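Enquirer: Dropping in start.txt, with compact mmCIF, C-alpha atoms.
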# COMPACT_ATOMS: atom_id res chain seq x y z
CA MET A 1 89.16 169.39 77.69
CA THR A 2 88.01 165.80 77.98
CA THR A 3 89.47 163.87 80.90
CA VAL A 4 90.71 160.38 80.06
CA PRO A 5 89.50 157.83 82.65
CA GLU A 6 92.22 156.23 84.73
CA PHE A 7 90.89 152.72 84.02
CA GLN A 8 89.74 151.52 80.60
CA THR A 9 89.15 148.16 78.95
CA SER A 10 92.23 146.14 77.99
CA PRO A 11 93.32 146.19 74.32
CA GLY A 12 91.14 143.95 72.20
CA MET A 13 88.33 143.92 74.76
CA ARG A 14 85.33 146.21 75.06
CA ASP A 15 82.09 146.94 76.86
CA ILE A 16 78.88 146.05 75.05
CA LEU A 17 76.29 148.67 75.98
CA PRO A 18 72.53 148.93 75.35
CA PRO A 19 70.95 148.62 72.86
CA GLU A 20 73.73 146.51 71.28
CA SER A 21 73.81 144.21 74.30
CA ALA A 22 70.13 143.36 73.68
CA ARG A 23 71.08 142.46 70.12
CA TRP A 24 73.72 140.06 71.41
CA ARG A 25 71.20 138.40 73.70
CA ARG A 26 68.70 138.09 70.86
CA PHE A 27 71.42 136.57 68.65
CA VAL A 28 71.86 133.72 71.14
CA GLU A 29 68.09 133.37 71.55
CA VAL A 30 67.62 132.88 67.80
CA PHE A 31 70.44 130.34 67.71
CA ALA A 32 68.92 128.47 70.66
CA GLN A 33 65.57 128.27 68.87
CA VAL A 34 67.19 126.82 65.77
CA ALA A 35 69.34 124.31 67.66
CA GLU A 36 66.68 123.17 70.10
CA SER A 37 64.18 122.65 67.29
CA ALA A 38 66.50 119.83 66.19
CA GLY A 39 66.84 118.25 69.63
CA TYR A 40 70.08 119.90 70.77
CA GLY A 41 70.53 120.73 74.45
CA GLN A 42 72.67 123.51 75.86
CA VAL A 43 75.96 122.91 77.67
CA LEU A 44 77.43 125.61 79.90
CA SER A 45 81.18 125.14 80.21
CA PRO A 46 83.61 126.91 82.56
CA LEU A 47 85.74 129.73 81.22
CA LEU A 48 88.82 128.06 82.73
CA GLU A 49 90.18 124.62 81.89
CA ASP A 50 93.34 122.73 82.67
CA LEU A 51 95.95 123.87 80.14
CA GLY A 52 96.30 120.29 78.90
CA VAL A 53 92.73 120.27 77.55
CA PHE A 54 93.68 122.85 74.93
CA GLN A 55 97.17 121.54 74.31
CA ARG A 56 95.45 118.47 72.86
CA ILE A 57 94.19 120.53 69.92
CA GLY A 58 97.76 120.75 68.64
CA ASP A 59 100.96 122.44 69.80
CA ALA A 60 101.66 123.47 66.19
CA THR A 61 98.72 125.86 66.13
CA ASP A 62 99.02 129.54 67.01
CA VAL A 63 96.03 129.14 69.32
CA VAL A 64 98.11 126.89 71.57
CA SER A 65 101.62 128.21 71.02
CA LYS A 66 101.02 131.98 71.00
CA GLU A 67 97.46 133.04 71.75
CA MET A 68 96.30 131.39 74.96
CA TYR A 69 95.80 133.30 78.18
CA ASP A 70 97.30 130.80 80.61
CA PHE A 71 98.58 131.10 84.17
CA VAL A 72 99.21 129.15 87.36
CA ASP A 73 96.41 129.65 89.87
CA LYS A 74 96.69 129.89 93.66
CA GLY A 75 96.39 126.12 93.94
CA GLY A 76 99.40 125.56 91.69
CA ARG A 77 97.28 124.39 88.72
CA HIS A 78 98.31 125.51 85.23
CA ILE A 79 95.06 126.66 83.66
CA ALA A 80 93.91 128.67 80.64
CA LEU A 81 91.02 130.84 79.57
CA ARG A 82 89.29 128.86 76.85
CA PRO A 83 90.40 129.87 73.32
CA GLU A 84 87.68 127.66 71.79
CA LEU A 85 84.98 125.30 73.03
CA THR A 86 85.23 122.05 71.10
CA ALA A 87 87.98 120.78 73.39
CA SER A 88 85.96 121.75 76.46
CA ILE A 89 82.90 119.91 75.12
CA CYS A 90 84.98 116.81 74.46
CA ARG A 91 86.42 117.02 77.99
CA ALA A 92 82.86 117.22 79.36
CA PHE A 93 81.88 114.22 77.23
CA VAL A 94 84.69 112.12 78.68
CA GLN A 95 83.99 113.31 82.23
CA HIS A 96 80.22 112.78 82.26
CA ASN A 97 79.80 109.88 79.80
CA PRO A 98 76.41 110.96 78.36
CA GLN A 99 74.22 108.83 76.13
CA MET A 100 75.22 108.91 72.46
CA PRO A 101 74.73 110.54 70.10
CA TRP A 102 75.29 113.56 72.34
CA LYS A 103 73.75 116.57 70.57
CA ILE A 104 74.56 119.86 72.25
CA TRP A 105 74.81 123.59 71.55
CA TYR A 106 76.76 126.29 73.33
CA SER A 107 77.40 130.01 73.46
CA GLY A 108 79.90 132.16 75.29
CA SER A 109 83.14 134.11 75.34
CA MET A 110 86.53 132.86 74.14
CA PHE A 111 89.92 134.47 74.68
CA ARG A 112 92.90 134.68 72.34
CA TYR A 113 95.87 137.00 72.58
CA GLU A 114 96.00 138.08 68.95
CA LYS A 115 96.12 141.35 67.07
CA PRO A 116 92.75 143.11 67.33
CA GLN A 117 91.14 144.07 64.03
CA ARG A 118 87.70 144.71 62.57
CA GLY A 119 85.43 141.88 63.66
CA ARG A 120 88.17 140.21 65.73
CA TYR A 121 88.85 140.85 69.40
CA ARG A 122 90.83 139.20 72.18
CA GLN A 123 87.60 138.43 73.96
CA PHE A 124 85.04 137.27 71.44
CA ASP A 125 81.77 135.35 71.48
CA GLN A 126 80.71 132.30 69.55
CA VAL A 127 77.74 130.01 69.26
CA GLY A 128 78.18 126.44 68.17
CA ILE A 129 76.99 122.87 67.89
CA GLU A 130 78.73 119.56 68.54
CA VAL A 131 77.52 115.98 68.09
CA LEU A 132 79.58 113.15 69.56
CA GLY A 133 79.10 109.45 68.94
CA ALA A 134 77.76 109.19 65.37
CA ASP A 135 79.65 108.83 62.08
CA ASP A 136 76.93 109.40 59.49
CA PRO A 137 77.14 111.75 56.49
CA ASN A 138 73.49 112.68 57.03
CA LEU A 139 74.50 114.13 60.40
CA ASP A 140 77.07 116.29 58.62
CA VAL A 141 74.24 117.53 56.41
CA GLU A 142 72.04 118.28 59.43
CA ILE A 143 74.79 120.25 61.14
CA ILE A 144 75.51 122.34 58.03
CA ALA A 145 71.80 122.90 57.41
CA LEU A 146 71.26 124.18 60.97
CA GLY A 147 73.94 126.82 60.48
CA TRP A 148 72.39 127.78 57.15
CA GLU A 149 68.94 128.00 58.78
CA PHE A 150 70.32 130.20 61.55
CA TYR A 151 71.76 132.73 59.12
CA ALA A 152 68.43 132.78 57.28
CA ALA A 153 66.62 133.38 60.59
CA LEU A 154 68.80 136.48 61.10
CA GLY A 155 67.74 137.71 57.68
CA LEU A 156 71.08 137.24 55.92
CA GLN A 157 70.82 136.50 52.20
CA GLN A 158 74.43 136.79 51.01
CA VAL A 159 76.01 133.93 52.97
CA LYS A 160 78.11 131.51 50.95
CA LEU A 161 78.84 127.91 51.92
CA ILE A 162 82.11 126.31 50.88
CA LEU A 163 82.75 122.62 51.38
CA ASN A 164 85.57 120.10 51.27
CA SER A 165 86.58 116.72 52.66
CA LEU A 166 89.87 115.68 54.21
CA GLY A 167 89.10 112.01 53.71
CA GLU A 168 90.14 109.23 56.06
CA PRO A 169 93.20 109.67 58.32
CA ASP A 170 95.34 107.59 55.95
CA ASP A 171 94.15 109.67 52.98
CA ARG A 172 95.05 112.82 54.82
CA ALA A 173 98.47 111.50 55.80
CA ARG A 174 99.31 110.69 52.17
CA TYR A 175 98.06 114.10 51.12
CA VAL A 176 100.16 115.89 53.73
CA GLN A 177 103.27 114.09 52.49
CA ALA A 178 102.46 115.02 48.89
CA LEU A 179 101.93 118.66 49.86
CA LYS A 180 105.17 118.74 51.80
CA ALA A 181 107.12 117.32 48.86
CA TYR A 182 105.46 119.77 46.46
CA PHE A 183 106.16 122.87 48.54
CA GLU A 184 109.69 121.79 49.42
CA ALA A 185 110.39 121.38 45.71
CA ASN A 186 109.27 125.00 45.23
CA LEU A 187 110.63 126.40 48.47
CA GLU A 188 112.22 129.50 46.94
CA GLU A 189 108.84 130.65 45.62
CA LEU A 190 107.18 130.44 49.05
CA SER A 191 106.92 133.47 51.32
CA PRO A 192 109.13 133.37 54.43
CA GLU A 193 106.02 133.05 56.62
CA SER A 194 104.75 130.04 54.68
CA ARG A 195 108.15 128.36 54.93
CA VAL A 196 107.79 128.48 58.70
CA THR A 197 104.23 127.15 58.42
CA LEU A 198 105.42 124.34 56.16
CA GLU A 199 107.68 123.03 58.91
CA LYS A 200 104.77 122.93 61.36
CA ASN A 201 101.88 121.82 59.18
CA PRO A 202 101.89 121.70 55.35
CA LEU A 203 98.09 121.91 55.27
CA ARG A 204 98.12 125.39 56.73
CA VAL A 205 100.15 126.70 53.79
CA LEU A 206 96.96 126.34 51.75
CA ASP A 207 95.40 129.03 53.97
CA SER A 208 97.95 131.64 52.91
CA LYS A 209 96.44 134.84 51.50
CA ARG A 210 99.84 136.33 50.59
CA PRO A 211 100.23 137.29 46.90
CA GLN A 212 103.66 135.64 46.77
CA ASP A 213 102.09 132.25 47.58
CA ALA A 214 98.98 132.52 45.40
CA ALA A 215 100.21 130.81 42.23
CA LEU A 216 101.96 128.02 44.12
CA VAL A 217 98.92 127.32 46.31
CA ALA A 218 96.61 127.31 43.29
CA ALA A 219 98.72 124.65 41.58
CA ALA A 220 99.15 122.45 44.67
CA PRO A 221 97.90 118.83 44.73
CA ARG A 222 94.22 118.36 45.59
CA ILE A 223 93.02 116.18 48.47
CA ALA A 224 90.43 114.53 46.19
CA GLU A 225 93.29 112.79 44.39
CA PHE A 226 93.95 110.82 47.59
CA TYR A 227 90.43 109.80 48.68
CA SER A 228 89.76 106.21 49.56
CA GLU A 229 86.54 104.66 48.25
CA GLN A 230 84.91 105.15 51.66
CA ALA A 231 85.95 108.81 51.89
CA ALA A 232 84.69 109.54 48.37
CA ALA A 233 81.33 107.91 49.20
CA HIS A 234 80.99 109.91 52.44
CA PHE A 235 81.67 113.20 50.66
CA ALA A 236 79.28 112.34 47.84
CA ALA A 237 76.54 111.61 50.39
CA VAL A 238 77.07 114.98 52.08
CA GLN A 239 76.83 116.82 48.77
CA ALA A 240 73.73 114.88 47.79
CA GLY A 241 72.08 115.71 51.12
CA LEU A 242 72.75 119.43 50.79
CA THR A 243 71.46 119.38 47.21
CA ALA A 244 68.28 117.63 48.38
CA LEU A 245 67.75 120.43 50.93
CA ASP A 246 68.33 123.12 48.27
CA ILE A 247 71.36 124.49 50.13
CA PRO A 248 73.84 125.90 47.59
CA PHE A 249 77.53 125.18 48.13
CA THR A 250 80.87 125.35 46.40
CA VAL A 251 83.52 122.66 46.73
CA GLU A 252 86.77 124.39 47.70
CA PRO A 253 89.80 122.05 47.67
CA LYS A 254 91.92 124.53 49.65
CA LEU A 255 89.51 124.48 52.62
CA VAL A 256 91.36 122.49 55.25
CA ARG A 257 91.55 122.17 58.98
CA GLY A 258 95.13 122.15 60.24
CA LEU A 259 94.47 120.07 63.35
CA ASP A 260 95.33 116.40 63.21
CA TYR A 261 91.97 115.11 64.40
CA TYR A 262 89.91 116.52 61.50
CA ARG A 263 88.65 114.04 58.90
CA HIS A 264 86.01 113.87 56.19
CA THR A 265 83.75 116.95 55.96
CA THR A 266 85.03 120.50 56.44
CA PHE A 267 82.92 123.56 55.73
CA GLU A 268 82.87 127.32 56.13
CA TYR A 269 80.20 130.02 55.97
CA GLN A 270 81.37 133.25 54.35
CA GLY A 271 79.82 136.70 54.41
CA GLY A 272 79.28 137.89 50.86
CA THR A 273 79.53 141.55 51.90
CA LEU A 274 82.77 141.24 53.88
CA ASP A 275 86.34 141.69 52.69
CA SER A 276 87.59 138.41 51.21
CA ALA A 277 90.52 138.23 53.62
CA GLN A 278 88.21 138.44 56.66
CA ASN A 279 84.93 137.01 55.38
CA ALA A 280 84.65 133.79 57.41
CA LEU A 281 81.55 133.93 59.61
CA GLY A 282 82.12 130.47 61.04
CA GLY A 283 82.82 126.91 60.11
CA GLY A 284 83.47 123.41 61.29
CA GLY A 285 83.82 119.85 60.28
CA ARG A 286 84.06 116.25 61.34
CA TYR A 287 86.80 115.33 63.77
CA ASP A 288 88.19 112.13 65.15
CA GLY A 289 90.73 111.56 67.88
CA LEU A 290 90.11 114.53 70.17
CA VAL A 291 87.94 112.58 72.62
CA GLU A 292 90.56 109.84 72.67
CA ALA A 293 93.32 112.41 73.28
CA LEU A 294 91.39 113.60 76.33
CA GLY A 295 91.19 110.12 77.82
CA GLY A 296 88.01 108.78 76.25
CA LYS A 297 87.30 105.97 73.83
CA PRO A 298 87.63 106.67 70.08
CA THR A 299 84.50 108.70 69.30
CA ALA A 300 83.30 110.33 66.10
CA GLY A 301 82.42 114.01 66.33
CA VAL A 302 81.16 116.79 64.10
CA GLY A 303 80.30 120.41 64.79
CA PHE A 304 80.80 124.08 64.05
CA ALA A 305 81.44 127.43 65.72
CA LEU A 306 79.99 130.70 64.43
CA GLY A 307 81.48 134.08 65.28
CA LEU A 308 79.10 136.66 66.73
CA ASP A 309 81.06 139.80 65.77
CA ARG A 310 81.65 138.94 62.12
CA THR A 311 78.06 137.79 61.71
CA LEU A 312 76.71 141.06 63.13
CA LEU A 313 78.98 142.97 60.73
CA ALA A 314 77.41 141.04 57.88
CA CYS A 315 73.96 141.85 59.29
CA ASP A 316 74.86 145.54 59.35
CA ASP A 317 76.06 145.39 55.75
CA GLU A 318 72.79 143.77 54.64
CA GLY A 319 70.65 145.99 56.86
CA VAL A 320 69.08 143.12 58.81
CA PHE A 321 68.81 142.05 62.45
CA ALA A 322 68.97 145.55 63.88
CA PRO A 323 69.31 146.10 67.63
CA PRO A 324 65.91 145.64 69.26
CA SER A 325 64.19 148.61 70.84
CA THR A 326 64.91 149.09 74.52
CA ALA A 327 62.08 151.57 74.91
CA VAL A 328 59.61 150.97 77.72
CA ASP A 329 55.86 150.86 77.12
CA VAL A 330 54.81 153.22 79.89
CA PHE A 331 56.54 155.93 81.90
CA VAL A 332 55.07 156.98 85.24
CA VAL A 333 55.23 160.67 86.20
CA ASP A 334 54.52 161.20 89.89
CA THR A 335 54.59 164.67 91.47
CA THR A 336 53.27 163.49 94.84
CA GLY A 337 56.55 162.23 96.29
CA GLY A 338 57.25 159.01 94.40
CA ALA A 339 55.29 156.40 96.35
CA GLU A 340 52.58 156.20 93.66
CA ALA A 341 55.21 155.74 90.97
CA LEU A 342 56.70 152.89 92.97
CA ALA A 343 53.33 151.14 93.28
CA LEU A 344 52.24 151.83 89.69
CA THR A 345 55.44 150.60 88.03
CA ALA A 346 55.33 147.41 90.11
CA GLN A 347 51.69 146.80 89.08
CA LEU A 348 52.45 147.44 85.42
CA ARG A 349 55.50 145.18 85.38
CA ARG A 350 53.54 142.36 87.00
CA ALA A 351 50.99 142.75 84.20
CA GLY A 352 53.74 142.25 81.60
CA LEU A 353 54.27 145.86 80.58
CA ARG A 354 57.69 147.51 80.44
CA ALA A 355 57.50 150.44 82.82
CA ASP A 356 59.91 153.06 84.12
CA ARG A 357 59.78 156.22 86.22
CA ALA A 358 61.84 159.21 87.35
CA TYR A 359 63.49 159.53 90.73
CA GLU A 360 64.57 162.21 93.21
CA ASN A 361 61.14 163.91 93.24
CA ARG A 362 61.87 166.00 90.17
CA SER A 363 59.55 168.60 88.65
CA MET A 364 56.75 167.72 86.24
CA LYS A 365 58.70 169.28 83.37
CA SER A 366 61.83 167.28 84.16
CA GLN A 367 59.88 164.03 84.49
CA MET A 368 58.08 164.59 81.18
CA LYS A 369 61.44 165.09 79.46
CA ALA A 370 62.59 161.80 80.98
CA ALA A 371 59.40 160.15 79.75
CA ASP A 372 60.07 161.37 76.21
CA ARG A 373 63.69 160.16 76.31
CA SER A 374 62.57 156.72 77.51
CA GLY A 375 60.81 156.05 74.23
CA ALA A 376 57.61 155.15 76.05
CA ALA A 377 54.37 155.28 74.11
CA ILE A 378 52.35 156.51 77.06
CA ALA A 379 52.93 158.60 80.16
CA LEU A 380 50.87 157.99 83.28
CA ILE A 381 50.65 161.16 85.35
CA VAL A 382 49.73 161.25 89.02
CA GLY A 383 49.41 164.61 90.80
CA SER A 384 47.74 165.54 94.06
CA ASN A 385 44.31 165.78 92.38
CA GLU A 386 44.63 162.34 90.82
CA LEU A 387 45.90 160.83 94.06
CA GLU A 388 42.89 162.16 95.95
CA ALA A 389 40.39 161.06 93.26
CA GLY A 390 41.94 157.61 92.68
CA THR A 391 42.61 158.37 88.98
CA VAL A 392 45.54 158.50 86.57
CA VAL A 393 46.07 160.81 83.59
CA VAL A 394 46.93 158.76 80.49
CA ARG A 395 48.85 160.88 77.99
CA PRO A 396 50.01 159.52 74.57
CA LEU A 397 53.60 160.49 73.78
CA ARG A 398 53.86 159.29 70.18
CA ALA A 399 51.91 160.39 67.12
CA GLU A 400 51.11 156.76 66.27
CA GLN A 401 49.35 156.21 69.62
CA VAL A 402 45.80 156.91 68.48
CA GLY A 403 42.49 155.25 69.29
CA ASP A 404 39.01 155.98 70.55
CA ASP A 405 40.31 157.52 73.78
CA THR A 406 43.58 159.01 72.54
CA GLN A 407 42.58 160.65 69.29
CA SER A 408 42.07 164.00 70.99
CA GLY A 409 44.86 163.70 73.55
CA GLN A 410 45.05 162.61 77.13
CA SER A 411 42.31 160.99 79.20
CA VAL A 412 41.60 160.48 82.88
CA VAL A 413 41.13 156.87 83.95
CA ALA A 414 40.14 155.37 87.27
CA ARG A 415 43.02 153.55 88.90
CA THR A 416 40.93 150.36 89.06
CA ASP A 417 40.35 150.47 85.29
CA LEU A 418 43.90 151.37 84.32
CA LEU A 419 45.17 147.97 83.15
CA SER A 420 42.14 147.23 80.98
CA HIS A 421 42.36 150.73 79.51
CA LEU A 422 46.06 150.35 78.68
CA THR A 423 45.44 146.96 77.11
CA LYS A 424 42.82 148.52 74.84
CA VAL A 425 44.92 151.55 73.93
CA MET A 426 48.18 149.71 73.30
CA SER A 427 46.61 146.95 71.24
Go ahead and express the file in the form of structure tokens.
Expert:
Amino acid sequence: MTTVPEFQTSPGMRDILPPESARWRRFVEVFAQVAESAGYGQVLSPLLEDLGVFQRIGDATDVVSKEMYDFVDKGGRHIALRPELTASICRAFVQHNPQMPWKIWYSGSMFRYEKPQRGRYRQFDQVGIEVLGADDPNLDVEIIALGWEFYAALGLQQVKLILNSLGEPDDRARYVQALKAYFEANLEELSPESRVTLEKNPLRVLDSKRPQDAALVAAAPRIAEFYSEQAAAHFAAVQAGLTALDIPFTVEPKLVRGLDYYRHTTFEYQGGTLDSAQNALGGGGRYDGLVEALGGKPTAGVGFALGLDRTLLACDDEGVFAPPSTAVDVFVVDTTGGAEALALTAQLRRAGLRADRAYENRSMKSQMKAADRSGAAIALIVGSNELEAGTVVVRPLRAEQVGDDTQSGQSVVARTDLLSHLTKVMS
């Protein structure tokens, strides 16, 4: 009978173990390469912020009203675990007053108290980009293109890009009023959940995936009907830029951001292999007003956040970006007490090889089993004879490890020649 541990992870949270943890690290490394190739620098933000930082993103959102982990700390401060990072980045911008345009990237864990489901957890990781201090449609194009390039770098080929524009703030305000009037005129056809949403934010009704709302949402007014000349020109420039870069996209009028500070470009990356109700890999847009709400001067901003879990699910579906091997290169077997294994592994690691060993002075048979389990290509064996002669037995462990010296099996190498021999064999 299996004993259930007394302590386990909290619901919606989990341990990431090897080799999956190495995949997570590599995910961030690939993103860093893409972002830094375009001149973006990394910002490391605290997990905790003053509650007010996140309240600025909108009390009408579930993130603020229902999902935040917030508490009063021992100093009497009301703080929250970050549910997203854009607000934290804008707070840092106001606090440190960097030179504009401020081009940064980030990665890390977020926390939301929501129902766990496939690809969605209460502690989840994102990578993202933000640029503050420039209102240029070509910057929107650059941001979108970097996300597209990142997915390509992972090997994904079935990502879809959908695009929309919310226009200028006045355009958006007129559109919200038109939506509200439209849905109120058809209130009996709306689902009960969407009626509640309508009271908070009419834009969010467009996000409804409920069958009862489908026909009404499909026939709703379109934001393009309310664009000013400037907004239409901005959106046209973004589309032209993406076309020039050969990045395919679909204009989706129902793609909105429910927070008041969003304006102009909105976009979303979707996984073509994922269920349509949960296929968003990440997204973003241009926002205005958040820096000002946090005490700064009016500042244009644009950015995105990409979800790690959903993206890795898409990678699994497409059979790309597999967990990297955690196997070591060399495993040291020492039957003379362990001191030689200590010295050898240190020497090998300093030379750039991945090396491991057994402990507790186990038998040769036990250590060789450990060597095989380690995935190492080569075992280095030191017994009393080798210790006295200053040699090491080099034994290939994998069928593919062949060469001039390994074709017929193991060889005996002088300790002083070991590194050069391994370099030759493993190349």
Enquirer: What residues have an atom no more than 8 Å from (69.1, 140.7, 55.0) in the file's own frame, counting all atoms listed in the file, and can you write them as a ChimeraX atom specification?
Expert: /A:154-158,315,318-321
Enquirer: Generate a file of the selected residues that holds C-alpha atoms, formatted as a short mmCIF file (atom, residue, chain, number, x, y, z; two decimals), in the coordinates of the input.
Expert:
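See result-v3.cif below for the written result:
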data_model
loop_
_atom_site.label_atom_id
_atom_site.label_comp_id
_atom_site.auth_asym_id
_atom_site.auth_seq_id
_atom_site.Cartn_x
_atom_site.Cartn_y
_atom_site.Cartn_z
CA LEU A 154 68.80 136.48 61.10
CA GLY A 155 67.74 137.71 57.68
CA LEU A 156 71.08 137.24 55.92
CA GLN A 157 70.82 136.50 52.20
CA GLN A 158 74.43 136.79 51.01
CA CYS A 315 73.96 141.85 59.29
CA GLU A 318 72.79 143.77 54.64
CA GLY A 319 70.65 145.99 56.86
CA VAL A 320 69.08 143.12 58.81
CA PHE A 321 68.81 142.05 62.45
#
Enquirer: Which of these, A:Ala134, A:Ala244, A:Leu274, A:Ala346, has the shortest distance to Leu312 in chain A once you count all atoms listed in the file?
Expert: A:Leu274
Enquirer: May I have the residues within 8 Å of Ala22 in chain A as number ranges by chain, using only C-alpha atoms and disregarding those fewer than 6 positions away in the same chain?
Expert: A: 323-324, 326
Enquirer: Just want the 9 Å neighbourhood of Gly337 in chain A, counted on all atoms listed in the file, with same-chain residues fewer than 6 positions away dropped. Output as a list in words.
Expert: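 The contact residues come out as Glu360, Asn361 and Arg362 of chain A.
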Enquirer: How would the residues just picked look written out with C-alpha atoms as a PDB file, in the frame of the given file?
Expert:
ATOM      1  CA  GLU A 360      64.570 162.210  93.210  1.00  0.00           C
ATOM      2  CA  ASN A 361      61.140 163.910  93.240  1.00  0.00           C
ATOM      3  CA  ARG A 362      61.870 166.000  90.170  1.00  0.00           C
TER       4      ARG A 362
END
Enquirer: Work out how far apart CA of Leu313 in chain A and CA of Leu255 in chain A are and give it in Å to one decimal.
Expert: 22.8 Å
Enquirer: Just want the 7 Å neighbourhood of Ala35 in chain A, counted on only C-alpha atoms, with same-chain residues fewer than 4 positions away dropped. Output as a PyMOL selection string.
Expert: chain A and resi 31+39-40+105+146
Enquirer: Any idea what's packed within 12 Å of Tyr182 in chain A, counting all atoms listed in the file, ignoring anything in its chain fewer than 2 positions away? Could you give it as number ranges by chain?
Expert: A: 175-180, 184-190, 198, 202-203, 205-206, 216-217, 219-222
Enquirer: Tell me, in Å to one decimal, how far CA of Tyr261 in chain A is from CA of Gly289 in chain A.
Expert: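 Going from CA of Tyr261 in chain A over to CA of Gly289 in chain A, I get 5.1 Å.
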Enquirer: Leaving out Lys297 in chain A and any residue of its chain fewer than 5 positions from it, which residues lie within 12 Å of it when counting only C-alpha atoms, given as a PDB file with C-alpha atoms, in the coordinates of the input?
Expert:
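To be explicit, this is the file written out as out_23.pdb:
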ATOM      1  CA  CYS A  90      84.980 116.810  74.460  1.00  0.00           C
ATOM      2  CA  ARG A  91      86.420 117.020  77.990  1.00  0.00           C
ATOM      3  CA  PHE A  93      81.880 114.220  77.230  1.00  0.00           C
ATOM      4  CA  VAL A  94      84.690 112.120  78.680  1.00  0.00           C
ATOM      5  CA  GLN A  95      83.990 113.310  82.230  1.00  0.00           C
ATOM      6  CA  ASN A  97      79.800 109.880  79.800  1.00  0.00           C
ATOM      7  CA  LEU A 132      79.580 113.150  69.560  1.00  0.00           C
ATOM      8  CA  GLY A 133      79.100 109.450  68.940  1.00  0.00           C
ATOM      9  CA  ASP A 288      88.190 112.130  65.150  1.00  0.00           C
ATOM     10  CA  GLY A 289      90.730 111.560  67.880  1.00  0.00           C
ATOM     11  CA  LEU A 290      90.110 114.530  70.170  1.00  0.00           C
ATOM     12  CA  VAL A 291      87.940 112.580  72.620  1.00  0.00           C
ATOM     13  CA  GLU A 292      90.560 109.840  72.670  1.00  0.00           C
TER      14      GLU A 292
END
Enquirer: I need the residue nearest Ile223 in chain A from this list: A:Val256, A:Met110, A:Ala236, A:Val34. Use all atoms listed in the file for the distance.
Expert: A:Val256
Enquirer: Using only C-alpha atoms, find the one residue out of A:Asp329, A:Asp136, A:Glu229, A:Asp73 that sits nearest to Ser427 in chain A.
Expert: A:Asp329
Enquirer: From the set A:Phe54, A:Gly307, A:Phe27, A:Leu161, which residue has the shortest atom-to-atom contact distance to Phe249 in chain A, counting only C-alpha atoms?
Expert: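 Of A:Phe54, A:Gly307, A:Phe27, A:Leu161, the one nearest Phe249 in chain A, counting only C-alpha atoms, is A:Leu161.
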Enquirer: Rounded to one decimal place, report the CA of His96 in chain A-CA of Arg112 in chain A distance in Å.
Expert: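 These atoms are spaced 27.2 Å apart.
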Enquirer: Using all atoms listed in the file, can you tell me which of A:Arg257, A:Lys66, A:Arg23, A:Arg56 comes closest to Ser88 in chain A?
Expert: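 Using all atoms listed in the file, Ser88 in chain A sits closest to A:Arg56.
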Enquirer: Counting all atoms listed in the file, which residue out of A:Pro5, A:Pro116, A:Leu294, A:Pro101 sits closest to Leu51 in chain A?
Expert: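 For Leu51 in chain A, the nearest of the candidates is A:Leu294.
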